[in-house]
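Here's the structure, in structure tokens; my notes come after.
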Amino acid sequence: MTGTTTASLGGLLAALLVLYANLRPWWAGNREMKLLVPFGKGLAGALAAAACPGGVFAWARQRTGAVANTAGETAGRSATGTTHTEAVSNGQMVGLVATGALVAVLMVFAVVLAWKAAGKKDRRRILGGAFVGTVASLTAGVAGALDWLPGAFNGVGDAVKALAEGANLL
């Protein structure tokens with residue numbers, strides 16, 4: 001796999017720029033929560049994918065991190081004349097099992113369907129949320145704050161499995 005499991009200061013800069021670009025219209029406007037929904041969908045999908053330790057979701061996370069690092073380092077160097085290659089402490093959510101992976105895939109699938117149904121502006125916001133969530137999940141702070149997420153997915157997945165097996169129906 002080519003990619004990174006570590007965000008650099010440049011990658012963090014890129015994610016913060018995208019975050020600001022998505023929050024600014026909401027802040028400057030009427031601050032209606034519905035304006036944040038597309039961004040939140042992308043963020044939720046990215047965090048669900050980030051809980052997966054391997055597969056195409058882990059590959060996409062690593063590739064997105066590498067792209068963010070390169071873009072942010074270039075932007076930071078161009079704007080300030082300093083390098084932004086210093087790594088930020090990395091993190092990874094652990095503990096996802098097969099039943100939890102079922103829930104993670106369903107969440108990402110729901111976000112993909114929402115993206116397909118969205119208009120041009122909302123598509124960009126969903127992608128912005130996915131980008132920010134993916135890059136942020138590479139950091140120890142966000143991964144540590146969300147270390148409960150794989151367990152929650154596992155619990156929901158266990159409940160779905162039990163329901164499909166007919167347990168506790170009546």
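Following the order of the structure tokens, first chain is A, next is B, and so on, with residues numbered from 1 inside each chain and ligands from 1 in the order they appear.
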Contacts of segment 60-135 of chain A with segment 158-165 of chain A up to 12 Å, shortest pair per row, only C-alpha atoms, as CSV:
```
residue,atom,partner,partner_atom,distance
A:Leu96,CA,A:Asp158,CA,11.7
A:Val97,CA,A:Asp158,CA,9.8
A:Ala98,CA,A:Asp158,CA,9.2
A:Thr99,CA,A:Asp158,CA,5.7
A:Gly100,CA,A:Asp158,CA,7.4
A:Ala101,CA,A:Asp158,CA,10.5
A:Leu102,CA,A:Val160,CA,9.2
A:Val103,CA,A:Val160,CA,8.9
A:Leu106,CA,A:Val160,CA,11.8
```
Output C-alpha atoms of each residue in that selection to a file, as a tab-separated table (two decimals), in the first residue's frame.
```tsv
chain	number	residue	atom	x	y	z
A	96	LEU	CA	-13.51	-3.39	15.12
A	97	VAL	CA	-14.78	-6.94	14.51
A	98	ALA	CA	-16.87	-8.39	11.68
A	99	THR	CA	-20.24	-7.34	13.12
A	100	GLY	CA	-18.99	-3.80	13.64
A	101	ALA	CA	-17.55	-3.73	10.13
A	102	LEU	CA	-21.05	-4.47	8.85
A	103	VAL	CA	-22.26	-1.24	10.44
A	106	LEU	CA	-23.56	0.44	5.87
```
Mind checking which residues fall within 12 Å of Asp147 of chain A, counting only C-alpha atoms, ignoring those fewer than 6 positions away in the same chain, and posting them as JSON, numbers by chain?
-> {"A": [47, 48, 50, 51, 91, 92, 93, 94, 95, 96, 137, 140, 141, 153]}
Write the selection just made, keeping N, CA and C atoms, as a PDB file, in the first residue's frame?
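Written file, result07.pdb:
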```pdb
ATOM      1  N   LEU A  47     -15.341   8.892   9.415  1.00  0.00           N
ATOM      2  CA  LEU A  47     -14.996   8.328  10.717  1.00  0.00           C
ATOM      3  C   LEU A  47     -15.385   6.853  10.799  1.00  0.00           C
ATOM      4  N   ALA A  48     -16.494   6.486  10.143  1.00  0.00           N
ATOM      5  CA  ALA A  48     -16.868   5.071  10.096  1.00  0.00           C
ATOM      6  C   ALA A  48     -15.826   4.279   9.319  1.00  0.00           C
ATOM      7  N   ALA A  50     -12.716   5.128   8.945  1.00  0.00           N
ATOM      8  CA  ALA A  50     -11.455   5.181   9.684  1.00  0.00           C
ATOM      9  C   ALA A  50     -11.390   4.134  10.784  1.00  0.00           C
ATOM     10  N   ALA A  51     -12.526   3.634  11.216  1.00  0.00           N
ATOM     11  CA  ALA A  51     -12.536   2.596  12.245  1.00  0.00           C
ATOM     12  C   ALA A  51     -12.094   1.249  11.683  1.00  0.00           C
ATOM     13  N   GLY A  91      -2.633   8.317  15.287  1.00  0.00           N
ATOM     14  CA  GLY A  91      -3.517   7.456  16.064  1.00  0.00           C
ATOM     15  C   GLY A  91      -4.335   6.567  15.149  1.00  0.00           C
ATOM     16  N   GLN A  92      -4.898   5.536  15.729  1.00  0.00           N
ATOM     17  CA  GLN A  92      -5.734   4.583  14.996  1.00  0.00           C
ATOM     18  C   GLN A  92      -6.786   4.043  15.948  1.00  0.00           C
ATOM     19  N   MET A  93      -8.020   4.013  15.499  1.00  0.00           N
ATOM     20  CA  MET A  93      -9.069   3.385  16.280  1.00  0.00           C
ATOM     21  C   MET A  93      -8.929   1.873  16.115  1.00  0.00           C
ATOM     22  N   VAL A  94      -9.017   1.122  17.199  1.00  0.00           N
ATOM     23  CA  VAL A  94      -8.824  -0.330  17.137  1.00  0.00           C
ATOM     24  C   VAL A  94     -10.000  -1.039  17.792  1.00  0.00           C
ATOM     25  N   GLY A  95     -10.146  -2.298  17.432  1.00  0.00           N
ATOM     26  CA  GLY A  95     -11.146  -3.127  18.090  1.00  0.00           C
ATOM     27  C   GLY A  95     -12.346  -3.478  17.236  1.00  0.00           C
ATOM     28  N   LEU A  96     -12.376  -3.072  15.976  1.00  0.00           N
ATOM     29  CA  LEU A  96     -13.515  -3.386  15.123  1.00  0.00           C
ATOM     30  C   LEU A  96     -13.495  -4.867  14.759  1.00  0.00           C
ATOM     31  N   SER A 137      -8.741  11.813  11.514  1.00  0.00           N
ATOM     32  CA  SER A 137      -8.657  10.493  12.148  1.00  0.00           C
ATOM     33  C   SER A 137      -7.241   9.940  12.146  1.00  0.00           C
ATOM     34  N   ALA A 140      -3.568  11.526  16.711  1.00  0.00           N
ATOM     35  CA  ALA A 140      -3.781  10.828  17.982  1.00  0.00           C
ATOM     36  C   ALA A 140      -4.947  11.431  18.760  1.00  0.00           C
ATOM     37  N   GLY A 141      -5.139  12.725  18.660  1.00  0.00           N
ATOM     38  CA  GLY A 141      -6.204  13.375  19.416  1.00  0.00           C
ATOM     39  C   GLY A 141      -7.582  12.927  18.993  1.00  0.00           C
ATOM     40  N   PHE A 153     -19.889   0.382  17.139  1.00  0.00           N
ATOM     41  CA  PHE A 153     -20.228  -0.322  15.900  1.00  0.00           C
ATOM     42  C   PHE A 153     -20.395  -1.816  16.160  1.00  0.00           C
TER      43      PHE A 153
END
```
What are the closest atom pairs, with distances in Å to one decimal, for each residue of segment 20-52 of chain A lying within 7 Å of segment 107-112 of chain A, using only C-alpha atoms, rows by chain and rising residue number, as a Markdown table?
```
| residue | atom | partner | partner_atom | distance |
| --- | --- | --- | --- | --- |
| A:Lys41 | CA | A:Val111 | CA | 6.1 |
| A:Gly42 | CA | A:Val111 | CA | 6.5 |
| A:Gly45 | CA | A:Val108 | CA | 4.8 |
| A:Ala48 | CA | A:Met107 | CA | 6.7 |
| A:Ala49 | CA | A:Val108 | CA | 6.7 |
```
What lies within 10 Å of segment 33-40 of chain A using only C-alpha atoms, ignoring chain neighbours under 4 positions off, as a PyMOL selection string?
-> chain A and resi 19+22-23+25-27+29+44-46+111+114-115+118+121-133
Same residues, C-alpha atoms, saved as a PDB file, in the first residue's frame:
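Saved file part.pdb follows:
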```pdb
ATOM      1  CA  LEU A  19     -13.056  22.778   7.639  1.00  0.00           C
ATOM      2  CA  ASN A  22     -17.265  24.585   5.134  1.00  0.00           C
ATOM      3  CA  LEU A  23     -18.023  26.284   8.465  1.00  0.00           C
ATOM      4  CA  PRO A  25     -20.916  30.067   5.247  1.00  0.00           C
ATOM      5  CA  TRP A  26     -22.811  28.625   8.201  1.00  0.00           C
ATOM      6  CA  TRP A  27     -21.208  31.040  10.663  1.00  0.00           C
ATOM      7  CA  GLY A  29     -25.272  33.130   7.588  1.00  0.00           C
ATOM      8  CA  ALA A  44     -19.582  10.573   9.749  1.00  0.00           C
ATOM      9  CA  GLY A  45     -18.803   8.402   6.744  1.00  0.00           C
ATOM     10  CA  ALA A  46     -15.090   9.142   7.019  1.00  0.00           C
ATOM     11  CA  VAL A 111     -23.076   8.515   2.709  1.00  0.00           C
ATOM     12  CA  ALA A 114     -26.506  10.735  -0.041  1.00  0.00           C
ATOM     13  CA  TRP A 115     -23.660  12.076  -2.178  1.00  0.00           C
ATOM     14  CA  ALA A 118     -27.101  15.660  -3.521  1.00  0.00           C
ATOM     15  CA  LYS A 121     -22.844  22.385  -3.463  1.00  0.00           C
ATOM     16  CA  ASP A 122     -23.877  19.631  -1.092  1.00  0.00           C
ATOM     17  CA  ARG A 123     -21.639  17.127  -2.907  1.00  0.00           C
ATOM     18  CA  ARG A 124     -18.670  19.384  -2.284  1.00  0.00           C
ATOM     19  CA  ARG A 125     -19.648  19.728   1.366  1.00  0.00           C
ATOM     20  CA  ILE A 126     -19.978  15.959   1.769  1.00  0.00           C
ATOM     21  CA  LEU A 127     -16.539  15.489   0.204  1.00  0.00           C
ATOM     22  CA  GLY A 128     -15.170  18.239   2.443  1.00  0.00           C
ATOM     23  CA  GLY A 129     -16.508  16.484   5.524  1.00  0.00           C
ATOM     24  CA  ALA A 130     -15.058  13.178   4.344  1.00  0.00           C
ATOM     25  CA  PHE A 131     -11.676  14.815   3.730  1.00  0.00           C
ATOM     26  CA  VAL A 132     -11.581  16.514   7.125  1.00  0.00           C
ATOM     27  CA  GLY A 133     -12.730  13.368   8.933  1.00  0.00           C
TER      28      GLY A 133
END
```
Taking the backbone alone, and naming residues the way the document does, which bits of segment 54-122 of chain A are alpha helix (DSSP H) by DSSP, as a short mmCIF file (atom, residue, chain, number, x, y, z; two decimals) with N, CA and C atoms, in the first residue's frame?
```cif
data_model
loop_
_atom_site.label_atom_id
_atom_site.label_comp_id
_atom_site.auth_asym_id
_atom_site.auth_seq_id
_atom_site.Cartn_x
_atom_site.Cartn_y
_atom_site.Cartn_z
N GLY A 55 -8.40 -3.13 4.32
CA GLY A 55 -9.30 -3.08 3.17
C GLY A 55 -9.23 -1.76 2.43
N VAL A 56 -10.22 -1.57 1.59
CA VAL A 56 -10.24 -0.38 0.75
C VAL A 56 -10.44 0.90 1.58
N PHE A 57 -11.12 0.79 2.70
CA PHE A 57 -11.30 1.99 3.55
C PHE A 57 -9.98 2.44 4.14
N ALA A 58 -9.16 1.50 4.61
CA ALA A 58 -7.85 1.86 5.15
C ALA A 58 -6.95 2.40 4.05
N TRP A 59 -7.03 1.81 2.86
CA TRP A 59 -6.25 2.30 1.73
C TRP A 59 -6.64 3.74 1.39
N ALA A 60 -7.95 4.00 1.32
CA ALA A 60 -8.42 5.35 1.02
C ALA A 60 -7.98 6.35 2.09
N ARG A 61 -7.99 5.92 3.33
CA ARG A 61 -7.55 6.79 4.44
C ARG A 61 -6.08 7.14 4.28
N GLN A 62 -5.27 6.15 3.96
CA GLN A 62 -3.84 6.40 3.78
C GLN A 62 -3.57 7.29 2.57
N ARG A 63 -4.26 7.05 1.47
CA ARG A 63 -4.06 7.87 0.27
C ARG A 63 -4.53 9.30 0.52
N THR A 64 -5.65 9.46 1.18
CA THR A 64 -6.14 10.81 1.48
C THR A 64 -5.17 11.54 2.38
N GLY A 65 -4.60 10.84 3.35
CA GLY A 65 -3.59 11.45 4.21
C GLY A 65 -2.38 11.91 3.43
N ALA A 66 -1.93 11.09 2.49
CA ALA A 66 -0.77 11.45 1.68
C ALA A 66 -1.07 12.67 0.81
N VAL A 67 -2.25 12.70 0.21
CA VAL A 67 -2.64 13.85 -0.62
C VAL A 67 -2.76 15.10 0.24
N ALA A 68 -3.35 14.98 1.41
CA ALA A 68 -3.49 16.14 2.30
C ALA A 68 -2.13 16.65 2.74
N ASN A 69 -1.23 15.74 3.09
CA ASN A 69 0.11 16.16 3.50
C ASN A 69 0.80 16.92 2.39
N THR A 70 0.77 16.39 1.18
CA THR A 70 1.43 17.04 0.05
C THR A 70 0.81 18.40 -0.25
N ALA A 71 -0.51 18.44 -0.32
CA ALA A 71 -1.19 19.70 -0.64
C ALA A 71 -0.98 20.74 0.45
N GLY A 72 -1.11 20.34 1.69
CA GLY A 72 -0.95 21.27 2.80
C GLY A 72 0.48 21.76 2.95
N GLU A 73 1.44 20.86 2.74
CA GLU A 73 2.84 21.26 2.82
C GLU A 73 3.18 22.26 1.71
N THR A 74 2.65 22.02 0.52
CA THR A 74 2.88 22.95 -0.59
C THR A 74 2.23 24.29 -0.32
N ALA A 75 0.99 24.28 0.14
CA ALA A 75 0.29 25.53 0.44
C ALA A 75 0.98 26.29 1.56
N GLY A 76 1.36 25.59 2.61
CA GLY A 76 2.03 26.25 3.73
C GLY A 76 3.37 26.83 3.34
N ARG A 77 4.14 26.06 2.58
CA ARG A 77 5.45 26.54 2.14
C ARG A 77 5.30 27.74 1.20
N SER A 78 4.33 27.69 0.30
CA SER A 78 4.10 28.78 -0.64
C SER A 78 3.63 30.05 0.08
N ALA A 79 2.80 29.88 1.08
CA ALA A 79 2.25 31.05 1.77
C ALA A 79 3.21 31.65 2.79
N THR A 80 3.98 30.81 3.46
CA THR A 80 4.78 31.31 4.58
C THR A 80 6.28 31.20 4.37
N ALA A 98 -16.05 -8.21 12.88
CA ALA A 98 -16.87 -8.39 11.68
C ALA A 98 -18.25 -7.77 11.81
N THR A 99 -18.89 -7.91 12.96
CA THR A 99 -20.24 -7.34 13.12
C THR A 99 -20.19 -5.82 13.11
N GLY A 100 -19.14 -5.25 13.67
CA GLY A 100 -18.99 -3.80 13.64
C GLY A 100 -18.65 -3.30 12.24
N ALA A 101 -17.89 -4.09 11.50
CA ALA A 101 -17.55 -3.73 10.13
C ALA A 101 -18.80 -3.66 9.26
N LEU A 102 -19.77 -4.51 9.55
CA LEU A 102 -21.05 -4.47 8.85
C LEU A 102 -21.68 -3.09 8.99
N VAL A 103 -21.68 -2.56 10.18
CA VAL A 103 -22.26 -1.24 10.44
C VAL A 103 -21.44 -0.15 9.76
N ALA A 104 -20.12 -0.26 9.81
CA ALA A 104 -19.26 0.74 9.18
C ALA A 104 -19.51 0.79 7.67
N VAL A 105 -19.61 -0.37 7.05
CA VAL A 105 -19.86 -0.41 5.60
C VAL A 105 -21.23 0.18 5.29
N LEU A 106 -22.23 -0.13 6.09
CA LEU A 106 -23.56 0.44 5.87
C LEU A 106 -23.55 1.96 6.00
N MET A 107 -22.80 2.48 6.96
CA MET A 107 -22.72 3.94 7.13
C MET A 107 -22.05 4.59 5.93
N VAL A 108 -20.95 4.03 5.48
CA VAL A 108 -20.26 4.59 4.31
C VAL A 108 -21.16 4.49 3.08
N PHE A 109 -21.86 3.38 2.93
CA PHE A 109 -22.78 3.21 1.80
C PHE A 109 -23.89 4.27 1.84
N ALA A 110 -24.42 4.55 3.02
CA ALA A 110 -25.45 5.58 3.14
C ALA A 110 -24.92 6.95 2.74
N VAL A 111 -23.68 7.23 3.09
CA VAL A 111 -23.08 8.51 2.71
C VAL A 111 -22.87 8.58 1.20
N VAL A 112 -22.47 7.48 0.60
CA VAL A 112 -22.30 7.45 -0.86
C VAL A 112 -23.64 7.70 -1.55
N LEU A 113 -24.69 7.07 -1.06
CA LEU A 113 -26.02 7.30 -1.64
C LEU A 113 -26.46 8.76 -1.44
N ALA A 114 -26.16 9.33 -0.28
CA ALA A 114 -26.51 10.73 -0.04
C ALA A 114 -25.73 11.64 -0.99
N TRP A 115 -24.48 11.30 -1.24
CA TRP A 115 -23.66 12.08 -2.18
C TRP A 115 -24.25 12.01 -3.58
N LYS A 116 -24.67 10.83 -4.01
CA LYS A 116 -25.24 10.66 -5.34
C LYS A 116 -26.53 11.45 -5.50
N ALA A 117 -27.31 11.59 -4.44
CA ALA A 117 -28.58 12.28 -4.50
C ALA A 117 -28.45 13.79 -4.29
N LYS A 120 -24.82 19.98 -6.46
CA LYS A 120 -23.39 20.27 -6.61
C LYS A 120 -22.76 20.83 -5.32
N LYS A 121 -23.40 21.80 -4.69
CA LYS A 121 -22.84 22.38 -3.46
C LYS A 121 -22.79 21.37 -2.33
N ASP A 122 -23.85 20.62 -2.17
CA ASP A 122 -23.88 19.63 -1.09
C ASP A 122 -22.89 18.50 -1.34
#
```
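Considering only C-alpha atoms, the residue among A:Thr139, A:Gly81, A:Glu32, A:Ala21 positioned nearest to Leu9 of chain A is A:Thr139.
Atom CA of Thr83 of chain A to atom CA of Ala143 of chain A spans 25.1 Å [interatomic distance, one decimal].
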From the list A:Gly166, A:Gly119, A:Gly3, A:Ser8, the nearest residue to Ser89 of chain A using only C-alpha atoms is A:Ser8
Name the residues of chain A that come out as strand (DSSP E or B) in a backbone DSSP run; write them as an MDAnalysis selection string.
-> chainID A and resid 8 87 90 139
